[in-house]
file model_13.pdb (PDB, C-alpha atoms)
ATOM      1  CA  MET H  70     -20.313  21.914 -84.382  1.00  0.00           C
ATOM      2  CA  LYS H  71     -21.639  25.469 -84.003  1.00  0.00           C
ATOM      3  CA  MET H  72     -22.490  26.752 -80.566  1.00  0.00           C
ATOM      4  CA  PHE H  73     -25.729  28.712 -80.498  1.00  0.00           C
ATOM      5  CA  ASN H  74     -27.386  30.965 -77.999  1.00  0.00           C
ATOM      6  CA  CYS H  75     -30.751  32.642 -78.107  1.00  0.00           C
ATOM      7  CA  ARG H  76     -31.965  35.838 -76.533  1.00  0.00           C
ATOM      8  CA  ILE H  77     -34.777  38.363 -76.660  1.00  0.00           C
ATOM      9  CA  LEU H  78     -34.343  40.844 -79.514  1.00  0.00           C
ATOM     10  CA  THR H  79     -34.262  44.577 -78.826  1.00  0.00           C
ATOM     11  CA  ARG H  80     -36.869  46.838 -80.384  1.00  0.00           C
ATOM     12  CA  ASP H  81     -34.302  48.065 -82.955  1.00  0.00           C
ATOM     13  CA  GLU H  82     -33.325  44.467 -83.783  1.00  0.00           C
ATOM     14  CA  ILE H  83     -36.988  43.526 -84.234  1.00  0.00           C
ATOM     15  CA  ALA H  84     -37.448  46.304 -86.803  1.00  0.00           C
ATOM     16  CA  SER H  85     -34.139  45.463 -88.489  1.00  0.00           C
ATOM     17  CA  VAL H  86     -35.014  41.758 -88.789  1.00  0.00           C
ATOM     18  CA  TYR H  87     -38.452  42.676 -90.104  1.00  0.00           C
ATOM     19  CA  ASN H  88     -37.040  44.881 -92.856  1.00  0.00           C
ATOM     20  CA  ALA H  89     -33.961  42.816 -93.736  1.00  0.00           C
ATOM     21  CA  PHE H  90     -35.377  39.281 -93.567  1.00  0.00           C
ATOM     22  CA  MET H  91     -39.085  38.914 -92.860  1.00  0.00           C
ATOM     23  CA  LYS H  92     -40.132  40.741 -96.016  1.00  0.00           C
ATOM     24  CA  GLN H  93     -38.230  38.106 -98.026  1.00  0.00           C
ATOM     25  CA  ASP H  94     -39.032  35.087 -95.824  1.00  0.00           C
ATOM     26  CA  PHE H  95     -42.825  35.507 -95.732  1.00  0.00           C
ATOM     27  CA  PRO H  96     -45.402  36.317 -98.419  1.00  0.00           C
ATOM     28  CA  SER H  97     -46.659  39.880 -98.098  1.00  0.00           C
ATOM     29  CA  ASP H  98     -50.219  38.670 -97.411  1.00  0.00           C
ATOM     30  CA  GLU H  99     -48.954  36.665 -94.387  1.00  0.00           C
ATOM     31  CA  LEU H 100     -46.816  39.459 -92.937  1.00  0.00           C
ATOM     32  CA  LYS H 101     -48.328  41.796 -90.364  1.00  0.00           C
ATOM     33  CA  PRO H 102     -47.359  45.436 -90.712  1.00  0.00           C
ATOM     34  CA  LEU H 103     -44.450  46.327 -88.437  1.00  0.00           C
ATOM     35  CA  SER H 104     -46.727  48.907 -86.783  1.00  0.00           C
ATOM     36  CA  MET H 105     -49.074  46.108 -85.628  1.00  0.00           C
ATOM     37  CA  ILE H 106     -46.106  44.233 -84.127  1.00  0.00           C
ATOM     38  CA  THR H 107     -44.822  47.343 -82.346  1.00  0.00           C
ATOM     39  CA  ARG H 108     -48.313  48.099 -80.950  1.00  0.00           C
ATOM     40  CA  SER H 109     -48.419  44.582 -79.500  1.00  0.00           C
ATOM     41  CA  LEU H 110     -44.882  45.072 -78.122  1.00  0.00           C
ATOM     42  CA  ASP H 111     -46.045  48.299 -76.452  1.00  0.00           C
ATOM     43  CA  LYS H 112     -48.933  46.419 -74.807  1.00  0.00           C
ATOM     44  CA  GLY H 113     -46.573  43.686 -73.551  1.00  0.00           C
ATOM     45  CA  GLU H 114     -48.309  41.153 -75.795  1.00  0.00           C
ATOM     46  CA  TYR H 115     -45.444  40.371 -78.142  1.00  0.00           C
ATOM     47  CA  PHE H 116     -41.815  39.269 -77.827  1.00  0.00           C
ATOM     48  CA  CYS H 117     -39.137  38.131 -80.225  1.00  0.00           C
ATOM     49  CA  TYR H 118     -36.120  35.861 -79.940  1.00  0.00           C
ATOM     50  CA  GLY H 119     -33.081  35.528 -82.128  1.00  0.00           C
ATOM     51  CA  ILE H 120     -30.708  32.579 -82.372  1.00  0.00           C
ATOM     52  CA  PHE H 121     -27.087  33.588 -82.689  1.00  0.00           C
ATOM     53  CA  SER H 122     -23.736  32.010 -83.438  1.00  0.00           C
ATOM     54  CA  GLY H 123     -21.488  34.423 -81.597  1.00  0.00           C
ATOM     55  CA  ASP H 124     -22.865  37.826 -82.625  1.00  0.00           C
ATOM     56  CA  LYS H 125     -24.246  36.589 -85.964  1.00  0.00           C
ATOM     57  CA  LEU H 126     -28.020  36.307 -86.226  1.00  0.00           C
ATOM     58  CA  CYS H 127     -28.980  32.875 -87.570  1.00  0.00           C
ATOM     59  CA  GLY H 128     -32.769  32.942 -87.185  1.00  0.00           C
ATOM     60  CA  TYR H 129     -35.699  34.543 -85.434  1.00  0.00           C
ATOM     61  CA  ALA H 130     -38.951  33.665 -83.702  1.00  0.00           C
ATOM     62  CA  TYR H 131     -41.727  36.215 -83.101  1.00  0.00           C
ATOM     63  CA  PHE H 132     -44.464  35.428 -80.571  1.00  0.00           C
ATOM     64  CA  VAL H 133     -47.857  36.820 -79.619  1.00  0.00           C
ATOM     65  CA  SER H 134     -48.253  36.488 -75.853  1.00  0.00           C
ATOM     66  CA  ILE H 135     -51.165  36.972 -73.478  1.00  0.00           C
ATOM     67  CA  ILE H 136     -51.690  36.383 -69.787  1.00  0.00           C
ATOM     68  CA  MET H 137     -54.887  34.628 -68.685  1.00  0.00           C
ATOM     69  CA  ASP H 138     -55.452  33.608 -65.072  1.00  0.00           C
ATOM     70  CA  GLU H 139     -51.835  34.549 -64.322  1.00  0.00           C
ATOM     71  CA  LYS H 140     -50.545  32.071 -66.935  1.00  0.00           C
ATOM     72  CA  GLN H 141     -48.718  32.878 -70.166  1.00  0.00           C
ATOM     73  CA  TYR H 142     -50.088  31.663 -73.497  1.00  0.00           C
ATOM     74  CA  CYS H 143     -48.104  32.141 -76.713  1.00  0.00           C
ATOM     75  CA  LEU H 144     -48.537  31.854 -80.450  1.00  0.00           C
ATOM     76  CA  LEU H 145     -45.434  31.331 -82.571  1.00  0.00           C
ATOM     77  CA  ASP H 146     -46.231  34.060 -85.077  1.00  0.00           C
ATOM     78  CA  TYR H 147     -43.123  33.903 -87.297  1.00  0.00           C
ATOM     79  CA  PHE H 148     -40.240  31.449 -87.282  1.00  0.00           C
ATOM     80  CA  ALA H 149     -37.390  31.375 -89.795  1.00  0.00           C
ATOM     81  CA  ILE H 150     -33.766  30.482 -90.138  1.00  0.00           C
ATOM     82  CA  LEU H 151     -31.684  32.699 -92.425  1.00  0.00           C
ATOM     83  CA  SER H 152     -31.654  31.214 -95.911  1.00  0.00           C
ATOM     84  CA  ASP H 153     -27.952  30.289 -96.044  1.00  0.00           C
ATOM     85  CA  LEU H 154     -28.266  28.255 -92.809  1.00  0.00           C
ATOM     86  CA  ARG H 155     -31.384  26.229 -93.599  1.00  0.00           C
ATOM     87  CA  GLY H 156     -31.186  22.450 -93.665  1.00  0.00           C
ATOM     88  CA  GLN H 157     -28.255  22.332 -91.221  1.00  0.00           C
ATOM     89  CA  GLY H 158     -30.091  21.672 -87.954  1.00  0.00           C
ATOM     90  CA  THR H 159     -30.208  25.315 -86.850  1.00  0.00           C
ATOM     91  CA  GLY H 160     -34.021  25.339 -86.741  1.00  0.00           C
ATOM     92  CA  SER H 161     -34.117  22.245 -84.537  1.00  0.00           C
ATOM     93  CA  GLU H 162     -31.513  23.735 -82.216  1.00  0.00           C
ATOM     94  CA  PHE H 163     -33.481  26.985 -82.045  1.00  0.00           C
ATOM     95  CA  LEU H 164     -36.701  25.181 -81.107  1.00  0.00           C
ATOM     96  CA  HIS H 165     -34.771  23.248 -78.447  1.00  0.00           C
ATOM     97  CA  LEU H 166     -33.489  26.530 -76.965  1.00  0.00           C
ATOM     98  CA  LEU H 167     -36.924  28.153 -77.188  1.00  0.00           C
ATOM     99  CA  ARG H 168     -38.514  25.189 -75.415  1.00  0.00           C
ATOM    100  CA  GLU H 169     -36.215  25.872 -72.474  1.00  0.00           C
ATOM    101  CA  GLU H 170     -36.883  29.633 -72.595  1.00  0.00           C
ATOM    102  CA  LEU H 171     -40.655  29.084 -72.638  1.00  0.00           C
ATOM    103  CA  LYS H 172     -40.819  26.217 -70.146  1.00  0.00           C
ATOM    104  CA  ASN H 173     -43.036  28.239 -67.787  1.00  0.00           C
ATOM    105  CA  ALA H 174     -45.602  29.123 -70.460  1.00  0.00           C
ATOM    106  CA  GLU H 175     -48.889  27.299 -70.053  1.00  0.00           C
ATOM    107  CA  MET H 176     -49.270  26.834 -73.809  1.00  0.00           C
ATOM    108  CA  VAL H 177     -47.261  27.618 -76.945  1.00  0.00           C
ATOM    109  CA  ILE H 178     -49.229  27.188 -80.181  1.00  0.00           C
ATOM    110  CA  CYS H 179     -47.781  26.962 -83.667  1.00  0.00           C
ATOM    111  CA  GLU H 180     -49.665  27.214 -86.961  1.00  0.00           C
ATOM    112  CA  SER H 181     -48.568  25.100 -89.895  1.00  0.00           C
ATOM    113  CA  GLU H 182     -50.313  25.210 -93.245  1.00  0.00           C
ATOM    114  CA  ASP H 183     -52.688  22.283 -93.695  1.00  0.00           C
ATOM    115  CA  PRO H 184     -51.523  19.885 -96.424  1.00  0.00           C
ATOM    116  CA  VAL H 185     -55.094  18.688 -97.110  1.00  0.00           C
ATOM    117  CA  GLY H 186     -56.249  19.826-100.541  1.00  0.00           C
ATOM    118  CA  THR H 187     -52.762  20.465-101.904  1.00  0.00           C
ATOM    119  CA  SER H 188     -50.579  18.430-104.223  1.00  0.00           C
ATOM    120  CA  GLY H 189     -47.114  18.300-105.735  1.00  0.00           C
ATOM    121  CA  ASP H 190     -44.420  20.558-104.315  1.00  0.00           C
ATOM    122  CA  GLU H 191     -46.839  22.440-102.060  1.00  0.00           C
ATOM    123  CA  LEU H 192     -48.041  19.193-100.464  1.00  0.00           C
ATOM    124  CA  ASP H 193     -44.438  18.107 -99.897  1.00  0.00           C
ATOM    125  CA  ILE H 194     -43.440  21.452 -98.356  1.00  0.00           C
ATOM    126  CA  ARG H 195     -46.411  21.488 -95.972  1.00  0.00           C
ATOM    127  CA  GLN H 196     -45.904  17.863 -94.912  1.00  0.00           C
ATOM    128  CA  ARG H 197     -42.185  18.436 -94.298  1.00  0.00           C
ATOM    129  CA  ARG H 198     -42.909  21.558 -92.242  1.00  0.00           C
ATOM    130  CA  ILE H 199     -45.374  19.709 -90.000  1.00  0.00           C
ATOM    131  CA  ALA H 200     -42.947  16.781 -89.667  1.00  0.00           C
ATOM    132  CA  PHE H 201     -40.209  19.236 -88.638  1.00  0.00           C
ATOM    133  CA  TYR H 202     -42.326  20.604 -85.794  1.00  0.00           C
ATOM    134  CA  LEU H 203     -43.449  17.134 -84.698  1.00  0.00           C
ATOM    135  CA  ARG H 204     -39.791  16.009 -84.534  1.00  0.00           C
ATOM    136  CA  ASN H 205     -39.024  19.031 -82.373  1.00  0.00           C
ATOM    137  CA  HIS H 206     -41.382  18.550 -79.428  1.00  0.00           C
ATOM    138  CA  PHE H 207     -44.617  19.815 -80.933  1.00  0.00           C
ATOM    139  CA  ILE H 208     -47.787  17.730 -80.867  1.00  0.00           C
ATOM    140  CA  ASP H 209     -50.872  17.865 -83.075  1.00  0.00           C
ATOM    141  CA  THR H 210     -53.750  19.450 -81.155  1.00  0.00           C
ATOM    142  CA  GLY H 211     -56.416  18.083 -83.497  1.00  0.00           C
ATOM    143  CA  VAL H 212     -57.585  21.668 -84.115  1.00  0.00           C
ATOM    144  CA  LYS H 213     -57.658  23.310 -87.522  1.00  0.00           C
ATOM    145  CA  ALA H 214     -58.257  26.960 -88.349  1.00  0.00           C
ATOM    146  CA  GLU H 215     -58.780  29.187 -91.348  1.00  0.00           C
ATOM    147  CA  ILE H 216     -57.101  32.563 -91.006  1.00  0.00           C
ATOM    148  CA  PHE H 217     -57.466  35.092 -93.838  1.00  0.00           C
ATOM    149  CA  GLY H 218     -58.319  32.217 -96.201  1.00  0.00           C
ATOM    150  CA  VAL H 219     -55.309  30.047 -95.261  1.00  0.00           C
ATOM    151  CA  ASN H 220     -55.996  26.675 -93.634  1.00  0.00           C
ATOM    152  CA  TYR H 221     -53.786  25.706 -90.696  1.00  0.00           C
ATOM    153  CA  VAL H 222     -53.153  22.712 -88.488  1.00  0.00           C
ATOM    154  CA  LEU H 223     -52.528  23.867 -84.907  1.00  0.00           C
ATOM    155  CA  LEU H 224     -49.599  22.306 -83.092  1.00  0.00           C
ATOM    156  CA  GLU H 225     -48.615  22.765 -79.454  1.00  0.00           C
ATOM    157  CA  LEU H 226     -45.184  22.716 -77.885  1.00  0.00           C
ATOM    158  CA  ASP H 227     -45.184  19.634 -75.668  1.00  0.00           C
ATOM    159  CA  SER H 228     -44.734  20.943 -72.138  1.00  0.00           C
ATOM    160  CA  GLY H 229     -46.099  17.858 -70.431  1.00  0.00           C
ATOM    161  CA  ARG H 230     -49.432  19.624 -69.849  1.00  0.00           C
ATOM    162  CA  LYS H 231     -52.288  18.184 -71.897  1.00  0.00           C
ATOM    163  CA  HIS H 232     -54.788  20.692 -73.257  1.00  0.00           C
ATOM    164  CA  SER H 233     -58.137  19.772 -74.757  1.00  0.00           C
ATOM    165  CA  GLU H 234     -59.242  20.844 -78.225  1.00  0.00           C
ATOM    166  CA  ALA H 235     -61.656  23.291 -76.567  1.00  0.00           C
ATOM    167  CA  GLU H 236     -58.823  24.853 -74.507  1.00  0.00           C
ATOM    168  CA  THR H 237     -56.694  25.120 -77.639  1.00  0.00           C
ATOM    169  CA  ARG H 238     -59.498  26.776 -79.616  1.00  0.00           C
ATOM    170  CA  ASN H 239     -60.224  29.232 -76.779  1.00  0.00           C
ATOM    171  CA  THR H 240     -56.560  30.133 -76.320  1.00  0.00           C
ATOM    172  CA  TYR H 241     -55.968  30.518 -80.051  1.00  0.00           C
ATOM    173  CA  SER H 242     -59.046  32.727 -80.331  1.00  0.00           C
ATOM    174  CA  ARG H 243     -57.895  34.914 -77.418  1.00  0.00           C
ATOM    175  CA  LEU H 244     -54.403  35.234 -78.904  1.00  0.00           C
ATOM    176  CA  TYR H 245     -55.789  36.391 -82.264  1.00  0.00           C
ATOM    177  CA  SER H 246     -58.281  38.783 -80.724  1.00  0.00           C
ATOM    178  CA  SER H 247     -55.453  40.393 -78.731  1.00  0.00           C
ATOM    179  CA  PHE H 248     -53.953  41.994 -81.839  1.00  0.00           C
ATOM    180  CA  LEU H 249     -56.556  41.794 -84.584  1.00  0.00           C
ATOM    181  CA  PRO H 250     -59.333  44.419 -84.657  1.00  0.00           C
ATOM    182  CA  GLU H 251     -62.728  42.859 -83.882  1.00  0.00           C
ATOM    183  CA  LYS H 252     -64.128  43.594 -87.348  1.00  0.00           C
ATOM    184  CA  LEU H 253     -61.229  41.748 -89.048  1.00  0.00           C
ATOM    185  CA  TYR H 254     -61.337  38.942 -86.485  1.00  0.00           C
ATOM    186  CA  ARG H 255     -65.037  38.260 -87.147  1.00  0.00           C
ATOM    187  CA  ARG H 256     -64.513  38.355 -90.894  1.00  0.00           C
ATOM    188  CA  PHE H 257     -61.275  36.376 -91.305  1.00  0.00           C
ATOM    189  CA  VAL H 258     -60.789  34.026 -88.331  1.00  0.00           C
ATOM    190  CA  ARG H 259     -62.482  30.599 -88.365  1.00  0.00           C
ATOM    191  CA  ILE H 260     -61.550  28.126 -85.657  1.00  0.00           C
TER     192      ILE H 260
END
call {"tool": "encode", "arguments": {"input": "model_13.pdb", "output": "structure tokens"}}
result
Amino acid sequence: MKMFNCRILTRDEIASVYNAFMKQDFPSDELKPLSMITRSLDKGEYFCYGIFSGDKLCGYAYFVSIIMDEKQYCLLDYFAILSDLRGQGTGSEFLHLLREELKNAEMVICESEDPVGTSGDELDIRQRRIAFYLRNHFIDTGVKAEIFGVNYVLLELDSGRKHSEAETRNTYSRLYSSFLPEKLYRRFVRI
């Protein structure tokens, strides 16, 4: 069995992961420009973790983060395991490690594409992705959102604190407005 560790990525590692992996792992219309990520890093509203086996990167998780009322709220912005390691339990192990790292956060939200209205392979992929998160300590918030024309189900990392749908909507809205210009937010964010 592999032994994994996770840690915060350096600024250089964040850029390297973005260029080497994220451009392949995510559709271009779902990938923020690196400059937007670095601006959020500069404001202290973004952080990134990597999961490693020894010194070898196995996956990454990028988070938007804001502080409200002295509490941290996070959005799992990007999460991926390197392609040759998928389906081997690395993603579950990573989420387990991240849950420990983020145990003091008030709320950690995850978006997963809504399976409603899809069929065939796309339906299967979306259902499996949601099931993966639910198996790994996420709970369904009951909130859905449309972001840039993509419909999402919002999940929350189960921290033992119960948040209402209204709290989830408010937090999600605040997280998006922290990095998205107001004009784009008003046009493309529906919660």
call {"tool": "closest_residue", "arguments": {"input": "model_13.pdb", "among": "H:Ile216, H:Val222, H:Val258, H:Ile77", "to": "H:Gln196", "atoms": "all atoms listed in the file"}}
result
H:Val222
call {"tool": "resolve_selection", "arguments": {"input": "model_13.pdb", "expression": "the PyMOL selection byres ((chain H and resi 232-243) around 7)", "output": "mmCIF file with C-alpha atoms, keeping the file's coordinate frame"}}
result
data_model
loop_
_atom_site.group_PDB
_atom_site.id
_atom_site.type_symbol
_atom_site.label_atom_id
_atom_site.label_comp_id
_atom_site.auth_asym_id
_atom_site.auth_seq_id
_atom_site.Cartn_x
_atom_site.Cartn_y
_atom_site.Cartn_z
ATOM 1 C CA THR H 210 -53.750 19.450 -81.155
ATOM 2 C CA GLY H 211 -56.416 18.083 -83.497
ATOM 3 C CA VAL H 212 -57.585 21.668 -84.115
ATOM 4 C CA ARG H 230 -49.432 19.624 -69.849
ATOM 5 C CA LYS H 231 -52.288 18.184 -71.897
ATOM 6 C CA LEU H 244 -54.403 35.234 -78.904
ATOM 7 C CA TYR H 245 -55.789 36.391 -82.264
ATOM 8 C CA SER H 246 -58.281 38.783 -80.724
ATOM 9 C CA SER H 247 -55.453 40.393 -78.731
ATOM 10 C CA ILE H 260 -61.550 28.126 -85.657
#
call {"tool": "closest_residue", "arguments": {"input": "model_13.pdb", "among": "H:Arg198, H:Lys71, H:Lys125, H:Lys112", "to": "H:Tyr221", "atoms": "only C-alpha atoms"}}
result
H:Arg198
call {"tool": "resolve_selection", "arguments": {"input": "model_13.pdb", "expression": "the PyMOL selection byres ((chain H and resi 164) around 12)", "output": "number ranges by chain"}}
result
H: 73-75, 118-120, 128-130, 145, 148-150, 158-163, 165-172, 177, 179, 201-207, 226-227
call {"tool": "axis_aligned_box", "arguments": {"input": "model_13.pdb", "around": "stretch 221-234 of chain H", "padding_each_side": "4 Å", "output": "AutoDock Vina command-line options"}}
result
--center_x -52.0 --center_y 21.8 --center_z -80.3 --size_x 22.5 --size_y 15.8 --size_z 28.8
call {"tool": "atom_distance", "arguments": {"input": "model_13.pdb", "atom1": "atom CA of H:Met105", "atom2": "atom CA of H:Arg259"}}
result
20.7 Å
call {"tool": "closest_residue", "arguments": {"input": "model_13.pdb", "among": "H:Leu100, H:Leu223, H:Arg108, H:Ser152", "to": "H:Ser181", "atoms": "all atoms listed in the file"}}
result
H:Leu223
call {"tool": "build_atoms", "arguments": {"input": "model_13.pdb", "residues": "stretch 240-258 of chain H", "atoms": "N, CA and C atoms", "output": "PDB file, in the frame of the given file"}}
result
ATOM      1  N   THR H 240     -57.834  29.414 -76.427  1.00  0.00           N
ATOM      2  CA  THR H 240     -56.560  30.133 -76.320  1.00  0.00           C
ATOM      3  C   THR H 240     -56.189  30.773 -77.646  1.00  0.00           C
ATOM      4  N   TYR H 241     -56.300  30.016 -78.720  1.00  0.00           N
ATOM      5  CA  TYR H 241     -55.968  30.518 -80.051  1.00  0.00           C
ATOM      6  C   TYR H 241     -56.845  31.728 -80.401  1.00  0.00           C
ATOM      7  N   SER H 242     -58.118  31.620 -80.084  1.00  0.00           N
ATOM      8  CA  SER H 242     -59.046  32.727 -80.331  1.00  0.00           C
ATOM      9  C   SER H 242     -58.639  33.969 -79.533  1.00  0.00           C
ATOM     10  N   ARG H 243     -58.307  33.794 -78.270  1.00  0.00           N
ATOM     11  CA  ARG H 243     -57.895  34.914 -77.418  1.00  0.00           C
ATOM     12  C   ARG H 243     -56.600  35.547 -77.919  1.00  0.00           C
ATOM     13  N   LEU H 244     -55.661  34.704 -78.374  1.00  0.00           N
ATOM     14  CA  LEU H 244     -54.403  35.234 -78.904  1.00  0.00           C
ATOM     15  C   LEU H 244     -54.671  36.099 -80.137  1.00  0.00           C
ATOM     16  N   TYR H 245     -55.498  35.613 -81.056  1.00  0.00           N
ATOM     17  CA  TYR H 245     -55.789  36.391 -82.264  1.00  0.00           C
ATOM     18  C   TYR H 245     -56.550  37.668 -81.941  1.00  0.00           C
ATOM     19  N   SER H 246     -57.498  37.581 -81.033  1.00  0.00           N
ATOM     20  CA  SER H 246     -58.281  38.783 -80.724  1.00  0.00           C
ATOM     21  C   SER H 246     -57.467  39.820 -79.955  1.00  0.00           C
ATOM     22  N   SER H 247     -56.295  39.428 -79.442  1.00  0.00           N
ATOM     23  CA  SER H 247     -55.453  40.393 -78.731  1.00  0.00           C
ATOM     24  C   SER H 247     -54.811  41.412 -79.665  1.00  0.00           C
ATOM     25  N   PHE H 248     -54.613  41.056 -80.928  1.00  0.00           N
ATOM     26  CA  PHE H 248     -53.953  41.994 -81.839  1.00  0.00           C
ATOM     27  C   PHE H 248     -54.768  42.341 -83.072  1.00  0.00           C
ATOM     28  N   LEU H 249     -55.776  41.558 -83.377  1.00  0.00           N
ATOM     29  CA  LEU H 249     -56.556  41.794 -84.584  1.00  0.00           C
ATOM     30  C   LEU H 249     -57.821  42.575 -84.234  1.00  0.00           C
ATOM     31  N   PRO H 250     -58.092  43.674 -84.920  1.00  0.00           N
ATOM     32  CA  PRO H 250     -59.333  44.419 -84.657  1.00  0.00           C
ATOM     33  C   PRO H 250     -60.550  43.498 -84.787  1.00  0.00           C
ATOM     34  N   GLU H 251     -61.562  43.740 -83.950  1.00  0.00           N
ATOM     35  CA  GLU H 251     -62.728  42.859 -83.882  1.00  0.00           C
ATOM     36  C   GLU H 251     -63.392  42.639 -85.238  1.00  0.00           C
ATOM     37  N   LYS H 252     -63.480  43.695 -86.034  1.00  0.00           N
ATOM     38  CA  LYS H 252     -64.128  43.594 -87.348  1.00  0.00           C
ATOM     39  C   LYS H 252     -63.370  42.598 -88.247  1.00  0.00           C
ATOM     40  N   LEU H 253     -62.036  42.677 -88.249  1.00  0.00           N
ATOM     41  CA  LEU H 253     -61.229  41.748 -89.048  1.00  0.00           C
ATOM     42  C   LEU H 253     -61.288  40.340 -88.458  1.00  0.00           C
ATOM     43  N   TYR H 254     -61.271  40.250 -87.138  1.00  0.00           N
ATOM     44  CA  TYR H 254     -61.337  38.942 -86.485  1.00  0.00           C
ATOM     45  C   TYR H 254     -62.616  38.220 -86.908  1.00  0.00           C
ATOM     46  N   ARG H 255     -63.744  38.893 -86.805  1.00  0.00           N
ATOM     47  CA  ARG H 255     -65.037  38.260 -87.147  1.00  0.00           C
ATOM     48  C   ARG H 255     -65.093  37.852 -88.622  1.00  0.00           C
ATOM     49  N   ARG H 256     -64.435  38.619 -89.458  1.00  0.00           N
ATOM     50  CA  ARG H 256     -64.513  38.355 -90.894  1.00  0.00           C
ATOM     51  C   ARG H 256     -63.528  37.279 -91.360  1.00  0.00           C
ATOM     52  N   PHE H 257     -62.336  37.205 -90.740  1.00  0.00           N
ATOM     53  CA  PHE H 257     -61.275  36.376 -91.305  1.00  0.00           C
ATOM     54  C   PHE H 257     -60.746  35.249 -90.425  1.00  0.00           C
ATOM     55  N   VAL H 258     -61.290  35.081 -89.224  1.00  0.00           N
ATOM     56  CA  VAL H 258     -60.789  34.026 -88.331  1.00  0.00           C
ATOM     57  C   VAL H 258     -61.868  32.983 -88.142  1.00  0.00           C
TER      58      VAL H 258
END
